[in-house]
file final-v4.pdb (PDB, C-alpha atoms and all ligand atoms)
MODEL        1
ATOM      1  CA  MET C  13      21.836   4.045  -6.157
ATOM      2  CA  ALA C  14      21.325   0.342  -5.540
ATOM      3  CA  VAL C  15      18.704  -1.548  -3.545
ATOM      4  CA  GLU C  16      20.087  -3.261  -0.440
ATOM      5  CA  ALA C  17      17.155  -4.486   1.689
ATOM      6  CA  LEU C  18      13.391  -4.609   2.079
ATOM      7  CA  TYR C  19      11.738  -4.356   5.517
ATOM      8  CA  ALA C  20       8.124  -5.294   6.250
ATOM      9  CA  LEU C  21       6.604  -2.870   8.751
ATOM     10  CA  GLN C  22       3.416  -4.167  10.329
ATOM     11  CA  ASN C  23       0.944  -1.358  10.873
ATOM     12  CA  GLY C  24      -1.869  -3.245  12.588
ATOM     13  CA  PHE C  25      -4.990  -5.076  11.496
ATOM     14  CA  MET C  26      -8.572  -4.325  10.653
ATOM     15  CA  GLY C  27     -11.681  -6.271   9.741
ATOM     16  CA  ALA C  28     -12.915  -6.650   6.157
ATOM     17  CA  PRO C  29     -16.085  -8.457   5.043
ATOM     18  CA  ARG C  30     -15.872 -10.773   2.024
ATOM     19  CA  SER C  31     -17.992  -8.295   0.057
ATOM     20  CA  LEU C  32     -15.210  -5.713   0.309
ATOM     21  CA  LEU C  33     -12.479  -8.246  -0.455
ATOM     22  CA  PHE C  34     -13.952 -10.056  -3.470
ATOM     23  CA  TYR C  35     -15.929  -8.317  -6.176
ATOM     24  CA  GLY C  36     -19.344  -9.902  -6.634
ATOM     25  CA  GLU C  37     -19.423 -11.688  -3.272
ATOM     26  CA  TYR C  38     -22.118 -10.627  -0.841
ATOM     27  CA  ALA C  39     -21.151 -12.642   2.232
ATOM     28  CA  GLU C  40     -20.592 -10.484   5.301
ATOM     29  CA  LYS C  41     -18.170 -12.954   6.905
ATOM     30  CA  VAL C  42     -15.366 -10.779   8.273
ATOM     31  CA  THR C  43     -11.652 -11.544   8.066
ATOM     32  CA  GLN C  44      -8.905  -9.778   9.976
ATOM     33  CA  ILE C  45      -6.501  -8.333   7.395
ATOM     34  CA  PRO C  46      -3.031  -6.867   7.924
ATOM     35  CA  ILE C  47      -2.072  -3.306   7.062
ATOM     36  CA  ALA C  48       1.465  -3.136   5.749
ATOM     37  CA  CYS C  49       4.147  -0.565   5.016
ATOM     38  CA  TRP C  50       7.390  -1.481   3.284
ATOM     39  CA  LEU C  51      10.743   0.202   3.708
ATOM     40  CA  ILE C  52      13.466  -0.130   1.078
ATOM     41  CA  LYS C  53      17.060   0.567   2.045
ATOM     42  CA  THR C  54      19.238   1.769  -0.810
ATOM     43  CA  THR C  55      22.858   2.880  -0.985
ATOM     44  CA  ASP C  56      21.552   6.486  -1.125
ATOM     45  CA  GLY C  57      18.852   6.418   1.541
ATOM     46  CA  TYR C  58      15.425   5.014   2.315
ATOM     47  CA  VAL C  59      12.254   4.689   0.257
ATOM     48  CA  LEU C  60       8.918   3.938   1.915
ATOM     49  CA  PHE C  61       6.061   2.175   0.111
ATOM     50  CA  ASP C  62       2.756   3.135   1.741
ATOM     51  CA  THR C  63       2.224   4.736   5.129
ATOM     52  CA  GLY C  64      -0.603   2.672   6.640
ATOM     53  CA  VAL C  65      -3.454   3.998   8.681
ATOM     54  CA  SER C  66      -3.519   6.646  11.327
ATOM     55  CA  PRO C  67      -5.961   4.843  13.656
ATOM     56  CA  ARG C  68      -7.084   7.926  15.541
ATOM     57  CA  ALA C  69      -7.837   9.734  12.267
ATOM     58  CA  VAL C  70     -10.478   7.211  11.229
ATOM     59  CA  PRO C  71     -13.663   7.975  13.173
ATOM     60  CA  GLY C  72     -15.015   4.941  14.975
ATOM     61  CA  LEU C  73     -12.408   2.503  13.603
ATOM     62  CA  MET C  74     -11.334   1.254  17.003
ATOM     63  CA  ARG C  75     -14.851   1.474  18.432
ATOM     64  CA  ASN C  76     -16.810  -0.134  15.595
ATOM     65  CA  ASP C  77     -14.405  -2.731  14.244
ATOM     66  CA  PRO C  78     -13.913  -5.672  16.637
ATOM     67  CA  PHE C  79     -11.118  -6.911  14.341
ATOM     68  CA  ALA C  80      -9.123  -3.663  14.534
ATOM     69  CA  ARG C  81      -5.843  -4.089  16.371
ATOM     70  CA  PHE C  82      -3.214  -1.390  16.564
ATOM     71  CA  THR C  83      -0.585  -1.666  19.230
ATOM     72  CA  ASP C  84       1.688   1.223  20.100
ATOM     73  CA  GLU C  85       4.558  -0.441  18.304
ATOM     74  CA  ASP C  86       2.402  -0.805  15.178
ATOM     75  CA  LEU C  87       2.442   2.967  14.679
ATOM     76  CA  LEU C  88       4.658   3.816  11.716
ATOM     77  CA  VAL C  89       6.776   6.288  13.720
ATOM     78  CA  HIS C  90       7.532   3.527  16.214
ATOM     79  CA  ARG C  91       8.293   0.991  13.479
ATOM     80  CA  LEU C  92      10.831   3.433  12.011
ATOM     81  CA  ASP C  93      12.176   4.262  15.460
ATOM     82  CA  ALA C  94      12.751   0.556  16.133
ATOM     83  CA  LEU C  95      15.092   0.587  13.128
ATOM     84  CA  GLY C  96      16.862   3.688  14.434
ATOM     85  CA  LEU C  97      15.192   5.916  11.829
ATOM     86  CA  ASP C  98      12.896   8.896  11.718
ATOM     87  CA  HIS C  99      11.199  10.826   8.935
ATOM     88  CA  HIS C 100      14.403  12.698   8.081
ATOM     89  CA  ASN C 101      15.904   9.416   6.863
ATOM     90  CA  VAL C 102      13.092   8.724   4.399
ATOM     91  CA  ASP C 103      13.781  10.493   1.112
ATOM     92  CA  LEU C 104      10.938   9.144  -0.985
ATOM     93  CA  VAL C 105       7.459   8.012   0.024
ATOM     94  CA  VAL C 106       5.695   6.056  -2.702
ATOM     95  CA  LEU C 107       1.952   5.866  -2.103
ATOM     96  CA  SER C 108       0.195   3.019  -3.895
ATOM     97  CA  HIS C 109      -2.970   5.108  -3.686
ATOM     98  CA  LEU C 110      -4.598   7.546  -1.284
ATOM     99  CA  HIS C 111      -7.118   5.349   0.570
ATOM    100  CA  TYR C 112      -6.980   5.967   4.323
ATOM    101  CA  ASP C 113      -5.198   2.688   5.110
ATOM    102  CA  HIS C 114      -2.317   3.571   2.770
ATOM    103  CA  ALA C 115      -1.983   7.372   3.033
ATOM    104  CA  GLY C 116      -2.668   7.628   6.780
ATOM    105  CA  GLY C 117       0.955   8.324   7.677
ATOM    106  CA  ALA C 118       1.870  10.696   4.815
ATOM    107  CA  GLN C 119       1.718  13.664   7.190
ATOM    108  CA  LEU C 120       4.690  12.194   9.065
ATOM    109  CA  PHE C 121       6.962  13.155   6.136
ATOM    110  CA  PRO C 122       7.039  16.936   5.613
ATOM    111  CA  LYS C 123      10.525  16.894   4.077
ATOM    112  CA  SER C 124      10.240  13.773   1.924
ATOM    113  CA  GLU C 125       9.007  13.623  -1.630
ATOM    114  CA  LEU C 126       5.522  12.055  -1.762
ATOM    115  CA  ILE C 127       5.101  10.113  -5.002
ATOM    116  CA  VAL C 128       1.669   9.288  -6.372
ATOM    117  CA  GLN C 129       0.018   8.997  -9.775
ATOM    118  CA  ARG C 130      -1.442  12.304 -10.979
ATOM    119  CA  ASP C 131      -4.838  10.662 -11.641
ATOM    120  CA  GLU C 132      -4.963   9.347  -8.077
ATOM    121  CA  TYR C 133      -4.064  12.707  -6.588
ATOM    122  CA  SER C 134      -6.743  14.568  -8.518
ATOM    123  CA  TYR C 135      -9.458  11.931  -8.013
ATOM    124  CA  ALA C 136      -8.813  11.699  -4.270
ATOM    125  CA  HIS C 137      -9.652  15.386  -3.897
ATOM    126  CA  TYR C 138     -12.989  14.989  -5.679
ATOM    127  CA  PRO C 139     -14.000  11.324  -5.479
ATOM    128  CA  ALA C 140     -17.328   9.942  -6.609
ATOM    129  CA  SER C 141     -19.747   9.656  -3.698
ATOM    130  CA  PHE C 142     -19.408   5.851  -3.463
ATOM    131  CA  PHE C 143     -15.666   6.249  -2.878
ATOM    132  CA  GLU C 144     -15.747   9.187  -0.444
ATOM    133  CA  PRO C 145     -15.607   6.946   2.678
ATOM    134  CA  PHE C 146     -12.193   5.632   1.582
ATOM    135  CA  TYR C 147     -10.500   8.997   1.079
ATOM    136  CA  TYR C 148      -9.675  11.208   4.075
ATOM    137  CA  LYS C 149      -8.638  14.622   2.833
ATOM    138  CA  LYS C 150      -6.609  15.340   5.945
ATOM    139  CA  ASN C 151      -4.366  12.416   4.928
ATOM    140  CA  PHE C 152      -3.228  14.182   1.738
ATOM    141  CA  GLU C 153      -4.228  17.855   1.941
ATOM    142  CA  LEU C 154      -0.869  18.774   3.397
ATOM    143  CA  PRO C 155       0.149  22.392   2.711
ATOM    144  CA  GLY C 156       3.830  22.823   1.964
ATOM    145  CA  TYR C 157       4.515  19.131   1.389
ATOM    146  CA  ARG C 158       6.434  18.046  -1.709
ATOM    147  CA  TRP C 159       4.459  15.940  -4.172
ATOM    148  CA  ARG C 160       5.805  14.265  -7.306
ATOM    149  CA  LEU C 161       2.902  13.384  -9.591
ATOM    150  CA  LEU C 162       3.509  10.565 -12.055
ATOM    151  CA  ASP C 163       1.906   9.585 -15.342
ATOM    152  CA  GLY C 164       2.234   5.837 -15.660
ATOM    153  CA  ASP C 165       5.103   3.380 -15.235
ATOM    154  CA  THR C 166       8.265   5.056 -13.938
ATOM    155  CA  GLU C 167      11.771   3.901 -13.131
ATOM    156  CA  LEU C 168      12.405   5.567  -9.786
ATOM    157  CA  ALA C 169      15.975   4.358  -9.510
ATOM    158  CA  PRO C 170      17.915   1.307 -10.685
ATOM    159  CA  GLY C 171      16.095  -1.676  -9.159
ATOM    160  CA  LEU C 172      13.006   0.338  -8.199
ATOM    161  CA  THR C 173      10.248   0.491 -10.806
ATOM    162  CA  ILE C 174       6.775   1.897 -10.314
ATOM    163  CA  LEU C 175       4.076   0.056 -12.256
ATOM    164  CA  ARG C 176       0.739   1.640 -12.953
ATOM    165  CA  THR C 177      -1.973  -0.783 -11.778
ATOM    166  CA  ASP C 178      -5.204   1.210 -11.706
ATOM    167  CA  GLY C 179      -8.665  -0.234 -11.358
ATOM    168  CA  HIS C 180      -8.942  -0.536  -7.583
ATOM    169  CA  THR C 181      -8.642   3.257  -7.805
ATOM    170  CA  PRO C 182      -8.125   5.578 -10.816
ATOM    171  CA  GLY C 183      -4.379   5.944 -10.238
ATOM    172  CA  HIS C 184      -3.163   2.954  -8.287
ATOM    173  CA  GLN C 185       0.524   1.986  -8.558
ATOM    174  CA  SER C 186       2.648  -0.986  -7.466
ATOM    175  CA  LEU C 187       6.397  -1.173  -6.866
ATOM    176  CA  LEU C 188       8.891  -3.664  -8.295
ATOM    177  CA  VAL C 189      11.911  -4.007  -6.003
ATOM    178  CA  ASP C 190      14.963  -5.827  -7.325
ATOM    179  CA  LEU C 191      16.814  -7.210  -4.306
ATOM    180  CA  PRO C 192      20.463  -8.241  -4.692
ATOM    181  CA  HIS C 193      20.118 -11.689  -3.051
ATOM    182  CA  SER C 194      16.376 -12.465  -2.772
ATOM    183  CA  GLY C 195      15.645 -11.382  -6.350
ATOM    184  CA  PRO C 196      12.752  -9.234  -7.554
ATOM    185  CA  VAL C 197       9.689  -8.674  -5.366
ATOM    186  CA  LEU C 198       6.508  -6.977  -6.552
ATOM    187  CA  LEU C 199       4.733  -4.972  -3.854
ATOM    188  CA  THR C 200       1.234  -4.989  -5.280
ATOM    189  CA  GLY C 201      -0.603  -2.703  -2.857
ATOM    190  CA  ASP C 202      -4.364  -3.057  -3.283
ATOM    191  CA  ALA C 203      -4.123  -4.080  -6.948
ATOM    192  CA  CYS C 204      -3.906  -7.587  -5.434
ATOM    193  CA  TYR C 205      -5.360  -7.978  -1.936
ATOM    194  CA  TRP C 206      -4.557 -11.669  -1.413
ATOM    195  CA  MET C 207      -2.591 -14.318  -3.309
ATOM    196  CA  GLU C 208      -5.976 -15.763  -4.210
ATOM    197  CA  HIS C 209      -6.781 -12.595  -6.150
ATOM    198  CA  ALA C 210      -3.758 -13.202  -8.389
ATOM    199  CA  GLU C 211      -4.145 -16.967  -8.669
ATOM    200  CA  LYS C 212      -7.861 -16.876  -9.492
ATOM    201  CA  GLU C 213      -7.847 -13.385 -11.049
ATOM    202  CA  ARG C 214     -10.323 -12.100  -8.497
ATOM    203  CA  VAL C 215     -11.072  -8.382  -8.561
ATOM    204  CA  PRO C 216     -11.047  -6.546  -5.205
ATOM    205  CA  GLY C 217     -14.478  -5.841  -3.707
ATOM    206  CA  VAL C 218     -13.608  -2.191  -3.189
ATOM    207  CA  VAL C 219     -13.154  -1.119  -6.777
ATOM    208  CA  TRP C 220     -13.397   1.942  -8.996
ATOM    209  CA  ASN C 221     -13.329   0.043 -12.313
ATOM    210  CA  PRO C 222     -13.505  -3.769 -12.151
ATOM    211  CA  THR C 223     -12.369  -4.301 -15.745
ATOM    212  CA  LEU C 224      -9.231  -2.207 -15.257
ATOM    213  CA  ALA C 225      -8.663  -3.931 -11.901
ATOM    214  CA  LEU C 226      -8.638  -7.252 -13.754
ATOM    215  CA  HIS C 227      -6.190  -5.840 -16.322
ATOM    216  CA  ALA C 228      -3.952  -4.702 -13.442
ATOM    217  CA  LEU C 229      -3.942  -8.214 -11.933
ATOM    218  CA  LYS C 230      -2.966  -9.668 -15.297
ATOM    219  CA  LYS C 231      -0.242  -7.049 -15.705
ATOM    220  CA  LEU C 232       1.196  -7.879 -12.274
ATOM    221  CA  LYS C 233       1.213 -11.586 -13.117
ATOM    222  CA  THR C 234       2.801 -10.954 -16.520
ATOM    223  CA  VAL C 235       5.562  -8.728 -15.143
ATOM    224  CA  ALA C 236       6.201 -11.171 -12.296
ATOM    225  CA  ARG C 237       6.526 -14.029 -14.787
ATOM    226  CA  LEU C 238       8.809 -12.085 -17.141
ATOM    227  CA  VAL C 239      11.258 -10.913 -14.490
ATOM    228  CA  GLY C 240      10.881 -13.858 -12.092
ATOM    229  CA  ALA C 241       9.397 -11.720  -9.315
ATOM    230  CA  ARG C 242       7.443 -12.862  -6.285
ATOM    231  CA  LEU C 243       4.109 -11.119  -5.661
ATOM    232  CA  PHE C 244       3.730  -9.589  -2.197
ATOM    233  CA  PRO C 245      -0.020  -8.922  -1.897
ATOM    234  CA  GLY C 246      -1.451  -5.963   0.000
ATOM    235  CA  HIS C 247      -3.741  -7.383   2.692
ATOM    236  CA  ASP C 248      -3.321 -11.175   2.752
ATOM    237  CA  PRO C 249      -3.512 -12.556   6.337
ATOM    238  CA  GLU C 250      -2.075 -15.987   5.421
ATOM    239  CA  PHE C 251       0.750 -14.515   3.361
ATOM    240  CA  TRP C 252       1.466 -12.029   6.155
ATOM    241  CA  LYS C 253       2.197 -14.894   8.595
ATOM    242  CA  THR C 254       5.039 -15.984   6.298
ATOM    243  CA  VAL C 255       6.566 -12.522   5.880
ATOM    244  CA  VAL C 256       9.964 -11.738   7.391
ATOM    245  CA  GLN C 257       9.203  -8.830   9.727
ATOM    246  CA  ALA C 258      11.473  -5.891  10.620
ATOM    247  CA  PRO C 259      14.067  -5.626  12.046
ATOM    248  CA  ASP C 260      14.858  -8.649   9.844
ATOM    249  CA  ALA C 261      14.839  -7.944   6.135
ATOM    250  CA  TYR C 262      14.801  -9.376   2.628
ATOM    251  CA  ARG C 263      18.196  -8.671   1.100
TER     252      ARG C 263
HETATM  253 ZN    ZN T 301      -7.430   0.668  -1.204
ENDMDL
END
call {"tool": "encode", "arguments": {"input": "final-v4.pdb", "output": "structure tokens", "more": "lines below"}}
Ligand SMILES: [Zn+2]
result
Amino acid sequence: MAVEALYALQNGFMGAPRSLLFYGEYAEKVTQIPIACWLIKTTDGYVLFDTGVSPRAVPGLMRNDPFARFTDEDLLVHRLDALGLDHHNVDLVVLSHLHYDHAGGAQLFPKSELIVQRDEYSYAHYPASFFEPFYYKKNFELPGYRWRLLDGDTELAPGLTILRTDGHTPGHQSLLVDLPHSGPVLLTGDACYWMEHAEKERVPGVVWNPTLALHALKKLKTVARLVGARLFPGHDPEFWKTVVQAPDAYR
């Protein structure tokens, strides 16, 4: 199995106040942030990194968030369809974590293997009260679905390495994708919201353990430096404007 291409799948936008983006900031100024899924084409099939949000599953999201924007084509099924794919083509679904804007589309993949850290899976079922609003059980309580629970860093396949980056949540993971022409790319998920979080080592405002979240940022930067990878942050609106969007791809 070898990596061939990486597709950015835009899944819409939502509003986020500075206090949720940057730990220790209390400003309520709201920024519109992108929600992203990433599809990796390999010689043996497709791997999806994160499944975005299911807008109708989040009560009041469209009604209460003036920055929320989900077009019909933003829906993950339609993004896959635009590439001539459906859920049968996706063998592995790697979930960075189980927050509702990353696990929202997991139910679209009853035949795929859903890959998450064991600590994330168990915590998401019984989160602390302050984290309950970010976990929607119907996103991941999926009877009959196939889960692969990981303990730490894992080589998924040649060129695809899962890196444990907890702190934002108890079992967050990122994905290092080694592309044949573009070189290595590190899909950070929410371990690094914006480029600014990496550059200034800023901890996300939504956080389970800020110290571990800082360690995760440093780990991402270290790995990126050692292997010459580019960081692709999880919710960065400025970065997102520069991203090559599907059907074009990084190869
Ligand atoms: Zn999150």
call {"tool": "residues_near_ligand", "arguments": {"input": "final-v4.pdb", "ligand": "ligand ZN 301 (chain T)", "cutoff": "10 Å", "atoms": "all atoms listed in the file", "output": "MDAnalysis selection string"}}
result
chainID C and resid 108:115 146:147 180:181 184 201:205 216:220 246:247
call {"tool": "residues_around", "arguments": {"input": "final-v4.pdb", "residues": "Glu16 (chain C)", "least_positions_apart": "5", "cutoff": "7 Å", "atoms": "only C-alpha atoms", "output": "PDB file with C-alpha atoms, in the coordinates of the input"}}
result
ATOM      1  CA  LYS C  53      17.060   0.567   2.045  1.00  0.00           C
ATOM      2  CA  THR C  54      19.238   1.769  -0.810  1.00  0.00           C
ATOM      3  CA  THR C  55      22.858   2.880  -0.985  1.00  0.00           C
ATOM      4  CA  LEU C 191      16.814  -7.210  -4.306  1.00  0.00           C
ATOM      5  CA  PRO C 192      20.463  -8.241  -4.692  1.00  0.00           C
ATOM      6  CA  ARG C 263      18.196  -8.671   1.100  1.00  0.00           C
TER       7      ARG C 263
END
call {"tool": "resolve_selection", "arguments": {"input": "final-v4.pdb", "expression": "the PyMOL selection byres (((chain C and resi 214) around 10) and not hetatm)", "output": "list in words"}}
result
Leu33, Phe34, Tyr35, Gly36, Cys204, Tyr205, Trp206, Met207, Glu208, His209, Ala210, Glu211, Lys212, Glu213, Val215, Pro216, Gly217, Pro222, Ala225, Leu226 and Leu229 of chain C
call {"tool": "resolve_selection", "arguments": {"input": "final-v4.pdb", "expression": "the PyMOL selection byres (((chain C and resi 130) around 6) and not hetatm)", "output": "PyMOL selection string"}}
result
chain C and resi 129+131-133+161-162
call {"tool": "write_last_selection", "arguments": {"input": "final-v4.pdb", "atoms": "C-alpha atoms", "output": "PDB file, keeping the file's coordinate frame"}}
result
ATOM      1  CA  GLN C 129       0.018   8.997  -9.775  1.00  0.00           C
ATOM      2  CA  ASP C 131      -4.838  10.662 -11.641  1.00  0.00           C
ATOM      3  CA  GLU C 132      -4.963   9.347  -8.077  1.00  0.00           C
ATOM      4  CA  TYR C 133      -4.064  12.707  -6.588  1.00  0.00           C
ATOM      5  CA  LEU C 161       2.902  13.384  -9.591  1.00  0.00           C
ATOM      6  CA  LEU C 162       3.509  10.565 -12.055  1.00  0.00           C
TER       7      LEU C 162
END
call {"tool": "resolve_selection", "arguments": {"input": "final-v4.pdb", "expression": "the PyMOL selection byres (((chain C and resi 116) around 12) and not hetatm)", "output": "PyMOL selection string"}}
result
chain C and resi 23+47-49+62-70+87-89+107-115+117-121+146-154
call {"tool": "residues_near_point", "arguments": {"input": "final-v4.pdb", "point": "(6.9, 16.4, -0.8)", "cutoff": "10 Å", "atoms": "all atoms listed in the file", "output": "list of chain:residue names"}}
result
C:Asp103, C:Leu104, C:Val105, C:Ala118, C:Gln119, C:Phe121, C:Pro122, C:Lys123, C:Ser124, C:Glu125, C:Leu126, C:Ile127, C:Leu154, C:Pro155, C:Gly156, C:Tyr157, C:Arg158, C:Trp159, C:Arg160
call {"tool": "axis_aligned_box", "arguments": {"input": "final-v4.pdb", "around": "region 193-199 of chain C", "padding_each_side": "4 Å", "output": "AutoDock Vina command-line options"}}
result
--center_x 12.4 --center_y -8.7 --center_z -5.2 --size_x 23.4 --size_y 15.5 --size_z 12.8
call {"tool": "residues_near_point", "arguments": {"input": "final-v4.pdb", "point": "(-7.2, -5.1, 5.4)", "cutoff": "8 Å", "atoms": "only C-alpha atoms", "output": "list in words"}}
result
Phe25, Met26, Gly27, Ala28, Gln44, Ile45, Pro46, Ile47, Gly246, His247 and Asp248 of chain C
call {"tool": "atom_distance", "arguments": {"input": "final-v4.pdb", "atom1": "CA of Val256 (chain C)", "atom2": "CA of His227 (chain C)"}}
result
29.3 Å
call {"tool": "atom_distance", "arguments": {"input": "final-v4.pdb", "atom1": "CA of Thr177 (chain C)", "atom2": "CA of Asp86 (chain C)"}}
result
27.3 Å
call {"tool": "residues_around", "arguments": {"input": "final-v4.pdb", "residues": "Leu60 (chain C)", "least_positions_apart": "6", "cutoff": "7 Å", "atoms": "all atoms listed in the file", "output": "short mmCIF file (atom, residue, chain, number, x, y, z; two decimals) with C-alpha atoms, keeping the file's coordinate frame"}}
result
data_model
loop_
_atom_site.label_atom_id
_atom_site.label_comp_id
_atom_site.auth_asym_id
_atom_site.auth_seq_id
_atom_site.Cartn_x
_atom_site.Cartn_y
_atom_site.Cartn_z
CA TRP C 50 7.39 -1.48 3.28
CA LEU C 51 10.74 0.20 3.71
CA ILE C 52 13.47 -0.13 1.08
CA VAL C 102 13.09 8.72 4.40
CA LEU C 104 10.94 9.14 -0.98
CA VAL C 105 7.46 8.01 0.02
CA VAL C 106 5.70 6.06 -2.70
#
call {"tool": "closest_residue", "arguments": {"input": "final-v4.pdb", "among": "C:Leu21, C:Asn101, C:Ala39, C:Ala261", "to": "His193 (chain C)", "atoms": "only C-alpha atoms"}}
result
C:Ala261
call {"tool": "residues_around", "arguments": {"input": "final-v4.pdb", "residues": "Leu172 (chain C)", "least_positions_apart": "6", "cutoff": "9 Å", "atoms": "only C-alpha atoms", "output": "list in words"}}
result
Ala14, Val15, Thr166, Leu187, Leu188, Val189 and Asp190 of chain C
call {"tool": "atom_distance", "arguments": {"input": "final-v4.pdb", "atom1": "CA of Pro182 (chain C)", "atom2": "CA of Tyr58 (chain C)"}}
result
27.0 Å
call {"tool": "closest_residue", "arguments": {"input": "final-v4.pdb", "among": "C:Glu167, C:Leu243, C:Tyr19, C:Gly195", "to": "Leu95 (chain C)", "atoms": "only C-alpha atoms"}}
result
C:Tyr19
call {"tool": "decode", "arguments": {"input": "final-v4.pdb", "residues": "region 101-112 of chain C", "atoms": "N, CA, C and O atoms", "output": "compact mmCIF listing (two decimals), in the first residue's frame"}}
result
# COMPACT_ATOMS: atom_id res chain seq x y z
N ASN C 101 -16.33 2.79 -0.74
CA ASN C 101 -14.94 2.97 -1.19
C ASN C 101 -13.98 3.33 -0.06
O ASN C 101 -12.78 3.30 -0.25
N VAL C 102 -14.55 3.70 1.09
CA VAL C 102 -13.70 4.16 2.19
C VAL C 102 -13.45 3.00 3.15
O VAL C 102 -14.35 2.55 3.85
N ASP C 103 -12.22 2.52 3.17
CA ASP C 103 -11.90 1.35 3.99
C ASP C 103 -11.67 1.71 5.45
O ASP C 103 -12.12 1.02 6.35
N LEU C 104 -10.95 2.81 5.64
CA LEU C 104 -10.59 3.20 7.01
C LEU C 104 -11.03 4.64 7.26
O LEU C 104 -10.84 5.51 6.41
N VAL C 105 -11.62 4.86 8.43
CA VAL C 105 -11.99 6.21 8.84
C VAL C 105 -11.24 6.51 10.14
O VAL C 105 -11.51 5.91 11.18
N VAL C 106 -10.26 7.40 10.03
CA VAL C 106 -9.49 7.80 11.21
C VAL C 106 -10.16 9.03 11.81
O VAL C 106 -10.35 10.03 11.12
N LEU C 107 -10.54 8.93 13.07
CA LEU C 107 -11.18 10.06 13.74
C LEU C 107 -10.17 10.69 14.69
O LEU C 107 -9.65 10.02 15.59
N SER C 108 -9.88 11.98 14.46
CA SER C 108 -8.91 12.65 15.33
C SER C 108 -9.39 12.58 16.78
O SER C 108 -8.61 12.37 17.70
N HIS C 109 -10.68 12.79 16.96
CA HIS C 109 -11.32 12.68 18.26
C HIS C 109 -12.82 12.66 18.01
O HIS C 109 -13.25 12.70 16.85
N LEU C 110 -13.63 12.59 19.07
CA LEU C 110 -15.05 12.35 18.86
C LEU C 110 -15.92 13.57 19.13
O LEU C 110 -17.13 13.44 19.32
N HIS C 111 -15.37 14.77 19.12
CA HIS C 111 -16.18 15.99 19.18
C HIS C 111 -17.11 16.02 17.97
O HIS C 111 -16.80 15.47 16.91
N TYR C 112 -18.26 16.72 18.14
CA TYR C 112 -19.33 16.63 17.14
C TYR C 112 -18.94 17.17 15.76
O TYR C 112 -19.56 16.81 14.76
